file coords-v2.cif (mmCIF, C-alpha atoms)
data_my_file
loop_
_atom_site.group_PDB
_atom_site.id
_atom_site.type_symbol
_atom_site.label_atom_id
_atom_site.label_comp_id
_atom_site.auth_asym_id
_atom_site.auth_seq_id
_atom_site.Cartn_x
_atom_site.Cartn_y
_atom_site.Cartn_z
ATOM 1 C CA MET R 9 0.000 0.000 0.000
ATOM 2 C CA GLU R 10 1.220 3.477 -0.866
ATOM 3 C CA PHE R 11 0.876 6.681 1.099
ATOM 4 C CA GLY R 12 0.971 10.341 0.194
ATOM 5 C CA ILE R 13 0.644 13.954 1.291
ATOM 6 C CA CYS R 14 -0.811 17.055 -0.315
ATOM 7 C CA HIS R 15 2.035 19.495 -0.987
ATOM 8 C CA LEU R 16 -0.104 22.051 -2.865
ATOM 9 C CA ASN R 17 -2.516 24.573 -1.363
ATOM 10 C CA CYS R 18 -5.651 22.611 -2.260
ATOM 11 C CA VAL R 19 -6.248 19.679 -4.593
ATOM 12 C CA ALA R 20 -9.553 18.397 -5.925
ATOM 13 C CA ILE R 21 -10.819 14.994 -4.799
ATOM 14 C CA ARG R 22 -13.134 13.744 -7.549
ATOM 15 C CA LYS R 23 -15.890 11.142 -7.608
ATOM 16 C CA ASP R 24 -14.397 9.370 -10.634
ATOM 17 C CA PRO R 25 -10.913 9.395 -12.234
ATOM 18 C CA SER R 26 -11.590 12.237 -14.669
ATOM 19 C CA ASP R 27 -11.072 15.998 -14.838
ATOM 20 C CA GLN R 28 -14.744 16.307 -15.757
ATOM 21 C CA SER R 29 -15.922 14.344 -12.711
ATOM 22 C CA GLU R 30 -17.666 15.994 -9.765
ATOM 23 C CA MET R 31 -15.362 17.392 -7.058
ATOM 24 C CA VAL R 32 -16.551 15.760 -3.831
ATOM 25 C CA SER R 33 -13.945 17.251 -1.481
ATOM 26 C CA GLN R 34 -10.456 18.721 -1.363
ATOM 27 C CA LEU R 35 -7.088 17.924 0.113
ATOM 28 C CA LEU R 36 -5.508 20.931 1.788
ATOM 29 C CA PHE R 37 -1.774 21.439 2.159
ATOM 30 C CA GLY R 38 -0.229 18.957 4.588
ATOM 31 C CA GLU R 39 -3.089 16.438 4.643
ATOM 32 C CA THR R 40 -2.057 12.782 4.384
ATOM 33 C CA PHE R 41 -3.776 9.785 2.841
ATOM 34 C CA GLN R 42 -3.508 6.150 1.796
ATOM 35 C CA VAL R 43 -3.611 5.075 -1.845
ATOM 36 C CA ILE R 44 -6.124 2.275 -2.367
ATOM 37 C CA ASP R 45 -6.399 2.050 -6.177
ATOM 38 C CA ASN R 46 -4.827 3.246 -9.430
ATOM 39 C CA SER R 47 -6.296 4.195 -12.812
ATOM 40 C CA GLY R 48 -3.865 5.669 -15.303
ATOM 41 C CA ALA R 49 -2.976 9.208 -14.211
ATOM 42 C CA TRP R 50 -5.257 8.946 -11.174
ATOM 43 C CA VAL R 51 -5.116 7.340 -7.729
ATOM 44 C CA ARG R 52 -8.018 6.564 -5.430
ATOM 45 C CA ILE R 53 -7.239 7.693 -1.895
ATOM 46 C CA HIS R 54 -8.532 7.201 1.631
ATOM 47 C CA THR R 55 -7.901 10.343 3.703
ATOM 48 C CA ASP R 56 -6.401 9.931 7.150
ATOM 49 C CA TYR R 57 -8.319 12.756 8.818
ATOM 50 C CA ASP R 58 -11.943 12.114 7.856
ATOM 51 C CA TYR R 59 -11.716 8.705 6.116
ATOM 52 C CA TYR R 60 -13.073 10.137 2.858
ATOM 53 C CA GLU R 61 -12.452 8.397 -0.462
ATOM 54 C CA GLY R 62 -12.093 9.730 -3.982
ATOM 55 C CA TRP R 63 -9.723 10.244 -6.914
ATOM 56 C CA VAL R 64 -6.801 12.675 -7.214
ATOM 57 C CA LEU R 65 -4.211 13.199 -9.945
ATOM 58 C CA LYS R 66 -0.911 11.418 -9.292
ATOM 59 C CA ILE R 67 1.071 14.515 -10.279
ATOM 60 C CA GLN R 68 -0.660 16.444 -7.491
ATOM 61 C CA MET R 69 0.457 14.124 -4.698
ATOM 62 C CA LYS R 70 3.804 13.609 -3.011
ATOM 63 C CA PRO R 71 4.472 9.945 -2.152
ATOM 64 C CA LEU R 72 5.448 8.995 1.390
ATOM 65 C CA ASP R 73 7.030 5.803 2.673
ATOM 66 C CA HIS R 74 5.344 3.835 5.441
ATOM 67 C CA SER R 75 7.555 5.097 8.294
ATOM 68 C CA THR R 76 7.255 8.758 7.279
ATOM 69 C CA HIS R 77 3.494 8.405 6.948
ATOM 70 C CA ASP R 78 3.245 6.921 10.441
ATOM 71 C CA LEU R 79 5.415 9.699 11.849
ATOM 72 C CA LEU R 80 3.207 12.380 10.304
ATOM 73 C CA LEU R 81 0.047 10.765 11.662
ATOM 74 C CA LYS R 82 1.405 11.308 15.161
ATOM 75 C CA ASN R 83 2.697 14.842 14.547
ATOM 76 C CA ASN R 84 0.248 16.531 12.187
ATOM 77 C CA ASP R 85 -1.898 18.771 14.411
ATOM 78 C CA HIS R 86 -0.462 22.252 13.842
ATOM 79 C CA TYR R 87 -2.468 24.470 11.473
ATOM 80 C CA SER R 88 -2.023 27.821 9.794
ATOM 81 C CA GLY R 89 -4.228 30.497 11.347
ATOM 82 C CA GLU R 90 -3.568 32.919 8.488
ATOM 83 C CA MET R 91 -6.250 33.495 5.849
ATOM 84 C CA VAL R 92 -3.591 33.406 3.125
ATOM 85 C CA THR R 93 0.168 33.477 3.537
ATOM 86 C CA MET R 94 3.398 32.364 1.905
ATOM 87 C CA ILE R 95 5.824 29.660 2.950
ATOM 88 C CA SER R 96 9.367 29.242 1.656
ATOM 89 C CA ASP R 97 11.570 26.194 1.195
ATOM 90 C CA LYS R 98 15.343 25.910 1.697
ATOM 91 C CA ASP R 99 15.928 27.434 -1.755
ATOM 92 C CA ASP R 100 13.657 30.412 -0.923
ATOM 93 C CA HIS R 101 10.977 29.272 -3.378
ATOM 94 C CA LEU R 102 7.645 30.725 -2.291
ATOM 95 C CA GLN R 103 4.332 28.906 -2.116
ATOM 96 C CA ILE R 104 0.876 30.006 -1.034
ATOM 97 C CA ILE R 105 -1.082 28.251 1.729
ATOM 98 C CA SER R 106 -4.423 29.196 3.250
ATOM 99 C CA LEU R 107 -6.361 28.949 6.507
ATOM 100 C CA GLY R 108 -6.365 25.440 7.960
ATOM 101 C CA ALA R 109 -3.293 24.196 6.104
ATOM 102 C CA THR R 110 -1.442 21.543 8.101
ATOM 103 C CA LEU R 111 2.160 22.186 9.158
ATOM 104 C CA PRO R 112 3.725 18.705 9.487
ATOM 105 C CA LEU R 113 6.345 18.132 12.203
ATOM 106 C CA TYR R 114 6.181 21.816 13.143
ATOM 107 C CA GLN R 115 9.040 23.259 15.196
ATOM 108 C CA GLU R 116 8.939 27.043 15.133
ATOM 109 C CA PRO R 117 9.511 28.509 12.595
ATOM 110 C CA HIS R 118 9.933 25.404 10.432
ATOM 111 C CA PHE R 119 7.958 22.352 9.362
ATOM 112 C CA THR R 120 9.007 19.387 7.266
ATOM 113 C CA ILE R 121 7.528 17.245 4.513
ATOM 114 C CA ASP R 122 9.755 14.235 3.886
ATOM 115 C CA ASP R 123 13.164 15.734 2.978
ATOM 116 C CA MET R 124 11.917 19.300 2.388
ATOM 117 C CA LYS R 125 12.058 21.907 5.177
ATOM 118 C CA TYR R 126 9.764 24.932 4.973
ATOM 119 C CA THR R 127 9.741 28.216 6.873
ATOM 120 C CA PHE R 128 6.414 29.509 8.162
ATOM 121 C CA ASP R 129 6.114 33.009 9.612
ATOM 122 C CA GLY R 130 2.547 33.369 10.803
ATOM 123 C CA ASP R 131 -0.114 32.424 13.340
ATOM 124 C CA VAL R 132 0.019 28.735 14.287
ATOM 125 C CA ILE R 133 -2.958 26.990 15.926
ATOM 126 C CA HIS R 134 -2.377 23.860 17.998
ATOM 127 C CA GLY R 135 -4.411 21.882 20.514
ATOM 128 C CA LYS R 136 -8.049 21.834 21.558
ATOM 129 C CA MET R 137 -9.567 25.300 21.776
ATOM 130 C CA GLU R 138 -12.502 26.475 23.884
ATOM 131 C CA LYS R 139 -15.925 26.523 22.249
ATOM 132 C CA ARG R 140 -16.011 30.326 22.040
ATOM 133 C CA GLN R 141 -12.977 30.164 19.765
ATOM 134 C CA LEU R 142 -15.021 28.184 17.221
ATOM 135 C CA VAL R 143 -17.137 31.273 16.624
ATOM 136 C CA MET R 144 -14.094 33.496 16.118
ATOM 137 C CA THR R 145 -12.689 31.057 13.568
ATOM 138 C CA ALA R 146 -16.040 30.822 11.781
ATOM 139 C CA TYR R 147 -16.117 34.606 11.340
ATOM 140 C CA LYS R 148 -12.852 34.394 9.381
ATOM 141 C CA TYR R 149 -14.697 32.576 6.593
ATOM 142 C CA LEU R 150 -17.432 35.216 6.207
ATOM 143 C CA ASN R 151 -18.284 35.901 2.530
ATOM 144 C CA THR R 152 -16.257 32.925 1.298
ATOM 145 C CA PRO R 153 -18.098 31.829 -1.876
ATOM 146 C CA PHE R 154 -19.904 28.495 -1.986
ATOM 147 C CA LEU R 155 -17.998 25.786 -3.843
ATOM 148 C CA TRP R 156 -19.294 22.221 -3.928
ATOM 149 C CA GLY R 157 -16.602 20.051 -2.316
ATOM 150 C CA GLY R 158 -14.536 23.078 -1.250
ATOM 151 C CA LYS R 159 -12.700 23.426 2.069
ATOM 152 C CA SER R 160 -10.668 26.642 1.703
ATOM 153 C CA PRO R 161 -11.279 30.412 2.018
ATOM 154 C CA PHE R 162 -11.277 30.504 -1.793
ATOM 155 C CA GLY R 163 -14.425 28.349 -1.932
ATOM 156 C CA ILE R 164 -16.202 26.112 0.569
ATOM 157 C CA ASP R 165 -19.394 24.110 1.023
ATOM 158 C CA CYS R 166 -21.599 23.937 4.109
ATOM 159 C CA SER R 167 -20.087 20.823 5.693
ATOM 160 C CA GLY R 168 -16.569 21.739 4.581
ATOM 161 C CA PHE R 169 -17.071 24.978 6.499
ATOM 162 C CA THR R 170 -18.229 23.301 9.712
ATOM 163 C CA GLN R 171 -15.521 20.637 9.453
ATOM 164 C CA MET R 172 -12.692 23.141 8.942
ATOM 165 C CA VAL R 173 -13.822 25.415 11.793
ATOM 166 C CA TYR R 174 -13.863 22.456 14.168
ATOM 167 C CA LYS R 175 -10.617 20.977 12.778
ATOM 168 C CA ILE R 176 -8.631 24.184 13.215
ATOM 169 C CA ASN R 177 -9.793 24.235 16.842
ATOM 170 C CA GLY R 178 -8.736 20.655 17.533
ATOM 171 C CA HIS R 179 -12.088 18.860 17.211
ATOM 172 C CA GLN R 180 -12.823 16.254 14.553
ATOM 173 C CA LEU R 181 -15.891 16.187 12.328
ATOM 174 C CA PHE R 182 -16.684 13.889 9.435
ATOM 175 C CA ARG R 183 -16.806 15.396 5.936
ATOM 176 C CA ASP R 184 -20.484 15.417 4.894
ATOM 177 C CA ALA R 185 -23.433 16.990 6.711
ATOM 178 C CA HIS R 186 -25.340 13.724 7.199
ATOM 179 C CA GLN R 187 -22.190 12.137 8.663
ATOM 180 C CA GLN R 188 -21.583 15.051 11.010
ATOM 181 C CA ALA R 189 -25.190 14.822 12.211
ATOM 182 C CA SER R 190 -24.369 11.391 13.685
ATOM 183 C CA GLN R 191 -21.848 12.957 16.076
ATOM 184 C CA GLY R 192 -22.454 14.572 19.461
ATOM 185 C CA GLU R 193 -25.463 14.874 21.749
ATOM 186 C CA VAL R 194 -28.930 15.988 20.630
ATOM 187 C CA LEU R 195 -30.258 19.344 21.840
ATOM 188 C CA SER R 196 -34.029 19.607 22.127
ATOM 189 C CA PHE R 197 -34.366 23.386 22.070
ATOM 190 C CA ILE R 198 -32.368 26.316 20.733
ATOM 191 C CA GLU R 199 -32.349 27.667 24.283
ATOM 192 C CA GLU R 200 -30.225 24.648 25.315
ATOM 193 C CA SER R 201 -27.558 25.438 22.745
ATOM 194 C CA GLU R 202 -24.320 27.358 23.102
ATOM 195 C CA PRO R 203 -22.450 29.394 20.482
ATOM 196 C CA GLY R 204 -20.325 26.916 18.529
ATOM 197 C CA ASP R 205 -22.861 24.082 18.585
ATOM 198 C CA LEU R 206 -24.036 22.600 15.293
ATOM 199 C CA ALA R 207 -27.393 22.654 13.522
ATOM 200 C CA PHE R 208 -28.453 20.355 10.666
ATOM 201 C CA PHE R 209 -31.216 20.752 8.106
ATOM 202 C CA ASP R 210 -33.039 18.310 5.843
ATOM 203 C CA ASN R 211 -34.830 18.342 2.489
ATOM 204 C CA ASP R 212 -38.364 17.249 1.617
ATOM 205 C CA GLU R 213 -37.221 13.613 1.506
ATOM 206 C CA GLY R 214 -35.872 13.810 5.064
ATOM 207 C CA GLU R 215 -32.214 13.702 3.983
ATOM 208 C CA ILE R 216 -29.808 15.922 5.914
ATOM 209 C CA THR R 217 -28.276 18.241 3.326
ATOM 210 C CA HIS R 218 -27.102 21.329 5.213
ATOM 211 C CA ALA R 219 -25.134 22.288 8.321
ATOM 212 C CA GLY R 220 -24.227 25.448 10.209
ATOM 213 C CA ILE R 221 -22.703 26.760 13.425
ATOM 214 C CA LEU R 222 -24.895 28.402 16.050
ATOM 215 C CA LEU R 223 -24.106 31.947 17.172
ATOM 216 C CA PRO R 224 -25.365 34.039 20.111
ATOM 217 C CA ASN R 225 -28.849 35.560 20.115
ATOM 218 C CA ASN R 226 -30.533 33.032 17.787
ATOM 219 C CA HIS R 227 -28.223 33.541 14.837
ATOM 220 C CA ILE R 228 -26.367 31.012 12.702
ATOM 221 C CA ILE R 229 -23.332 31.174 10.427
ATOM 222 C CA HIS R 230 -23.496 28.825 7.452
ATOM 223 C CA CYS R 231 -22.568 28.538 3.773
ATOM 224 C CA HIS R 232 -25.472 29.233 1.435
ATOM 225 C CA GLY R 233 -24.247 30.981 -1.702
ATOM 226 C CA LYS R 234 -21.510 32.307 0.558
ATOM 227 C CA VAL R 235 -20.638 32.033 4.221
ATOM 228 C CA ARG R 236 -23.241 34.286 5.818
ATOM 229 C CA ILE R 237 -25.069 35.025 9.059
ATOM 230 C CA ASP R 238 -28.839 34.528 9.323
ATOM 231 C CA ARG R 239 -31.406 34.080 12.075
ATOM 232 C CA ILE R 240 -32.522 30.647 13.307
ATOM 233 C CA ASP R 241 -35.678 29.491 15.071
ATOM 234 C CA GLN R 242 -37.354 26.145 15.753
ATOM 235 C CA SER R 243 -38.516 26.018 12.110
ATOM 236 C CA GLY R 244 -35.097 26.569 10.594
ATOM 237 C CA ILE R 245 -32.953 29.293 9.024
ATOM 238 C CA TYR R 246 -34.631 32.619 8.374
ATOM 239 C CA ASN R 247 -32.793 34.402 5.554
ATOM 240 C CA VAL R 248 -32.370 38.057 6.500
ATOM 241 C CA ASP R 249 -32.247 39.136 2.839
ATOM 242 C CA THR R 250 -35.220 37.264 1.387
ATOM 243 C CA ARG R 251 -37.172 37.443 4.682
ATOM 244 C CA ARG R 252 -38.291 33.850 4.525
ATOM 245 C CA HIS R 253 -37.073 30.471 5.743
ATOM 246 C CA SER R 254 -34.450 28.873 3.516
ATOM 247 C CA HIS R 255 -33.666 25.622 5.395
ATOM 248 C CA LYS R 256 -35.792 23.325 7.572
ATOM 249 C CA LEU R 257 -34.263 22.454 10.959
ATOM 250 C CA ARG R 258 -33.780 18.743 11.609
ATOM 251 C CA VAL R 259 -31.523 18.512 14.670
ATOM 252 C CA MET R 260 -29.034 20.441 16.790
ATOM 253 C CA LYS R 261 -25.966 18.710 18.196
ATOM 254 C CA GLN R 262 -23.397 19.484 20.878
ATOM 255 C CA LEU R 263 -19.975 17.843 20.617
ATOM 256 C CA PHE R 264 -18.398 19.306 23.743
#

call {"tool": "encode", "arguments": {"input": "coords-v2.cif", "output": "structure tokens"}}
result
Amino acid sequence: MEFGICHLNCVAIRKDPSDQSEMVSQLLFGETFQVIDNSGAWVRIHTDYDYYEGWVLKIQMKPLDHSTHDLLLKNNDHYSGEMVTMISDKDDHLQIISLGATLPLYQEPHFTIDDMKYTFDGDVIHGKMEKRQLVMTAYKYLNTPFLWGGKSPFGIDCSGFTQMVYKINGHQLFRDAHQQASQGEVLSFIEESEPGDLAFFDNDEGEITHAGILLPNNHIIHCHGKVRIDRIDQSGIYNVDTRRHSHKLRVMKQLF
């Protein structure tokens, strides 16, 4: 079995091995994975963080040997707190990374991917943060445009947004909204919730298709067209622009 790491800012994970195939998620810089299949220029991967599977181009991955992969799994919990910044390698080549990028084997001000040492001069986030910090991180993504499968400040979807906010603060969520809804404890009323808790919404068929993060005073931050703030009540999300409900509340969950 092969292993790899994303050494570019963000790489598309596709449903099928084709450039025309739907992007189902993304790998951000520093994320590791296992290779489980090959098809020409493509490899099917199983991500280490959220156990997601899909296809990425071989030329967009950096192979890792088994021992290096194991080492990174144990030392891969430092993240960039900068919206967008530059890193440099030993030859002073510059590369862009964005919010939530992983800094493998970080030892200030350097981190290492295999045999390449990088210099990072910016805000580093490490460890489990308090719940109030989730809200502050969520605000950083405000007005990020919606992008199906996206996980970066350049484009993000609803569950990518909730996952990244929790990840940066040291708490693990699955990738898709219906998967995330299986985590945590159920809250019966909005009044029981705290800022940073999660809310999930379903469609007419009862399928959970949307997620957001609860804010103080009956507000919610979520990605619908863009990352935005709306009101929430027991019926669902009340869009402050259209002045009508846009999503039907299914369940609220508290992870910690």

call {"tool": "closest_residue", "arguments": {"input": "coords-v2.cif", "among": "R:Ser26, R:Gln187, R:Thr93, R:Thr145", "to": "Phe169 of chain R", "atoms": "only C-alpha atoms"}}
result
R:Thr145

call {"tool": "residues_around", "arguments": {"input": "coords-v2.cif", "residues": "Met69 of chain R", "least_positions_apart": "5", "cutoff": "7 Å", "atoms": "only C-alpha atoms", "output": "list in words"}}
result
Gly12, Ile13, Cys14 and His15 of chain R

call {"tool": "closest_residue", "arguments": {"input": "coords-v2.cif", "among": "R:Asp184, R:Asp241, R:Asp24, R:Asp249", "to": "Ser47 of chain R", "atoms": "all atoms listed in the file"}}
result
R:Asp24

call {"tool": "atom_distance", "arguments": {"input": "coords-v2.cif", "atom1": "atom CA of Arg22 of chain R", "atom2": "atom CA of Asp123 of chain R"}}
result
28.4 Å

call {"tool": "residues_near_point", "arguments": {"input": "coords-v2.cif", "point": "(-32.5, 21.0, 5.4)", "cutoff": "9 Å", "atoms": "all atoms listed in the file", "output": "list in words"}}
result
Phe208, Phe209, Asp210, Asn211, Asp212, Gly214, Glu215, Ile216, Thr217, His218, Ala219, Gly244, Ser254, His255, Lys256, Leu257 and Arg258 of chain R

call {"tool": "resolve_selection", "arguments": {"input": "coords-v2.cif", "expression": "the PyMOL selection byres ((chain R and resi 94) around 8)", "output": "list in words"}}
result
Val92, Thr93, Ile95, Ser96, Leu102, Gln103, Ile104, Ile105 and Phe128 of chain R

call {"tool": "closest_residue", "arguments": {"input": "coords-v2.cif", "among": "R:Tyr114, R:Gly204, R:Val64, R:His77", "to": "Ser29 of chain R", "atoms": "all atoms listed in the file"}}
result
R:Val64

call {"tool": "closest_residue", "arguments": {"input": "coords-v2.cif", "among": "R:Tyr147, R:Asp131, R:Trp156, R:His118", "to": "Ile237 of chain R", "atoms": "all atoms listed in the file"}}
result
R:Tyr147

call {"tool": "residues_around", "arguments": {"input": "coords-v2.cif", "residues": "Tyr87 of chain R", "least_positions_apart": "4", "cutoff": "8 Å", "atoms": "only C-alpha atoms", "output": "PyMOL selection string"}}
result
chain R and resi 107-111+132-134+176

call {"tool": "write_last_selection", "arguments": {"input": "coords-v2.cif", "atoms": "C-alpha atoms", "output": "PDB file, in the frame of the given file"}}
result
ATOM      1  CA  LEU R 107      -6.361  28.949   6.507  1.00  0.00           C
ATOM      2  CA  GLY R 108      -6.365  25.440   7.960  1.00  0.00           C
ATOM      3  CA  ALA R 109      -3.293  24.196   6.104  1.00  0.00           C
ATOM      4  CA  THR R 110      -1.442  21.543   8.101  1.00  0.00           C
ATOM      5  CA  LEU R 111       2.160  22.186   9.158  1.00  0.00           C
ATOM      6  CA  VAL R 132       0.019  28.735  14.287  1.00  0.00           C
ATOM      7  CA  ILE R 133      -2.958  26.990  15.926  1.00  0.00           C
ATOM      8  CA  HIS R 134      -2.377  23.860  17.998  1.00  0.00           C
ATOM      9  CA  ILE R 176      -8.631  24.184  13.215  1.00  0.00           C
TER      10      ILE R 176
END

call {"tool": "resolve_selection", "arguments": {"input": "coords-v2.cif", "expression": "the PyMOL selection byres ((chain R and resi 52) around 7)", "output": "MDAnalysis selection string"}}
result
chainID R and resid 43:46 50:51 53 61:64

call {"tool": "atom_distance", "arguments": {"input": "coords-v2.cif", "atom1": "atom CA of Ala49 of chain R", "atom2": "atom CA of Leu72 of chain R"}}
result
17.7 Å

call {"tool": "resolve_selection", "arguments": {"input": "coords-v2.cif", "expression": "the PyMOL selection byres ((chain R and resi 115) around 12)", "output": "VMD selection string"}}
result
chain R and resid 83 to 86 111 to 114 116 to 120 125 to 129 132 134

call {"tool": "write_last_selection", "arguments": {"input": "coords-v2.cif", "atoms": "C-alpha atoms", "output": "CSV table (one decimal), in the coordinates of the input"}}
result
chain,number,residue,atom,x,y,z
R,83,ASN,CA,2.7,14.8,14.5
R,84,ASN,CA,0.2,16.5,12.2
R,85,ASP,CA,-1.9,18.8,14.4
R,86,HIS,CA,-0.5,22.3,13.8
R,111,LEU,CA,2.2,22.2,9.2
R,112,PRO,CA,3.7,18.7,9.5
R,113,LEU,CA,6.3,18.1,12.2
R,114,TYR,CA,6.2,21.8,13.1
R,116,GLU,CA,8.9,27.0,15.1
R,117,PRO,CA,9.5,28.5,12.6
R,118,HIS,CA,9.9,25.4,10.4
R,119,PHE,CA,8.0,22.4,9.4
R,120,THR,CA,9.0,19.4,7.3
R,125,LYS,CA,12.1,21.9,5.2
R,126,TYR,CA,9.8,24.9,5.0
R,127,THR,CA,9.7,28.2,6.9
R,128,PHE,CA,6.4,29.5,8.2
R,129,ASP,CA,6.1,33.0,9.6
R,132,VAL,CA,0.0,28.7,14.3
R,134,HIS,CA,-2.4,23.9,18.0

call {"tool": "atom_distance", "arguments": {"input": "coords-v2.cif", "atom1": "atom CA of Pro203 of chain R", "atom2": "atom CA of Arg183 of chain R"}}
result
21.0 Å

call {"tool": "closest_residue", "arguments": {"input": "coords-v2.cif", "among": "R:Leu206, R:Leu155, R:Leu142, R:Ile121", "to": "Glu30 of chain R", "atoms": "all atoms listed in the file"}}
result
R:Leu155

call {"tool": "decode", "arguments": {"input": "coords-v2.cif", "residues": "segment 97-118 of chain R", "atoms": "N, CA and C atoms", "output": "compact mmCIF listing (two decimals), in the first residue's frame"}}
result
# COMPACT_ATOMS: atom_id res chain seq x y z
N ASP R 97 10.76 27.38 0.96
CA ASP R 97 11.57 26.19 1.20
C ASP R 97 13.03 26.60 1.36
N LYS R 98 13.92 25.62 1.43
CA LYS R 98 15.34 25.91 1.70
C LYS R 98 16.00 26.70 0.58
N ASP R 99 15.40 26.67 -0.62
CA ASP R 99 15.93 27.43 -1.75
C ASP R 99 15.21 28.77 -1.93
N ASP R 100 14.42 29.16 -0.92
CA ASP R 100 13.66 30.41 -0.92
C ASP R 100 12.60 30.47 -2.01
N HIS R 101 12.12 29.30 -2.47
CA HIS R 101 10.98 29.27 -3.38
C HIS R 101 9.71 29.50 -2.55
N LEU R 102 8.85 30.38 -3.03
CA LEU R 102 7.65 30.73 -2.29
C LEU R 102 6.45 29.91 -2.75
N GLN R 103 5.55 29.65 -1.81
CA GLN R 103 4.33 28.91 -2.12
C GLN R 103 3.21 29.42 -1.22
N ILE R 104 2.02 29.51 -1.79
CA ILE R 104 0.88 30.01 -1.03
C ILE R 104 0.22 28.86 -0.26
N ILE R 105 -0.22 29.16 0.98
CA ILE R 105 -1.08 28.25 1.73
C ILE R 105 -2.18 29.10 2.37
N SER R 106 -3.28 28.45 2.71
CA SER R 106 -4.42 29.20 3.25
C SER R 106 -4.87 28.64 4.60
N LEU R 107 -5.86 29.27 5.18
CA LEU R 107 -6.36 28.95 6.51
C LEU R 107 -6.66 27.45 6.65
N GLY R 108 -6.13 26.85 7.71
CA GLY R 108 -6.37 25.44 7.96
C GLY R 108 -5.34 24.51 7.36
N ALA R 109 -4.36 25.04 6.63
CA ALA R 109 -3.29 24.20 6.10
C ALA R 109 -2.55 23.53 7.26
N THR R 110 -2.17 22.29 7.07
CA THR R 110 -1.44 21.54 8.10
C THR R 110 0.05 21.80 7.97
N LEU R 111 0.71 21.94 9.11
CA LEU R 111 2.16 22.19 9.16
C LEU R 111 2.83 20.96 9.77
N PRO R 112 3.21 19.98 8.95
CA PRO R 112 3.73 18.70 9.49
C PRO R 112 5.03 18.87 10.27
N LEU R 113 5.13 18.16 11.38
CA LEU R 113 6.35 18.13 12.20
C LEU R 113 6.80 19.55 12.54
N TYR R 114 5.88 20.40 12.93
CA TYR R 114 6.18 21.82 13.14
C TYR R 114 7.07 22.03 14.36
N GLN R 115 8.17 22.77 14.14
CA GLN R 115 9.04 23.26 15.20
C GLN R 115 9.42 24.68 14.81
N GLU R 116 8.83 25.63 15.50
CA GLU R 116 8.94 27.04 15.13
C GLU R 116 10.36 27.44 14.72
N PRO R 117 10.54 28.12 13.57
CA PRO R 117 9.51 28.51 12.59
C PRO R 117 9.45 27.58 11.39
N HIS R 118 9.82 26.31 11.57
CA HIS R 118 9.93 25.40 10.43
C HIS R 118 8.95 24.24 10.54
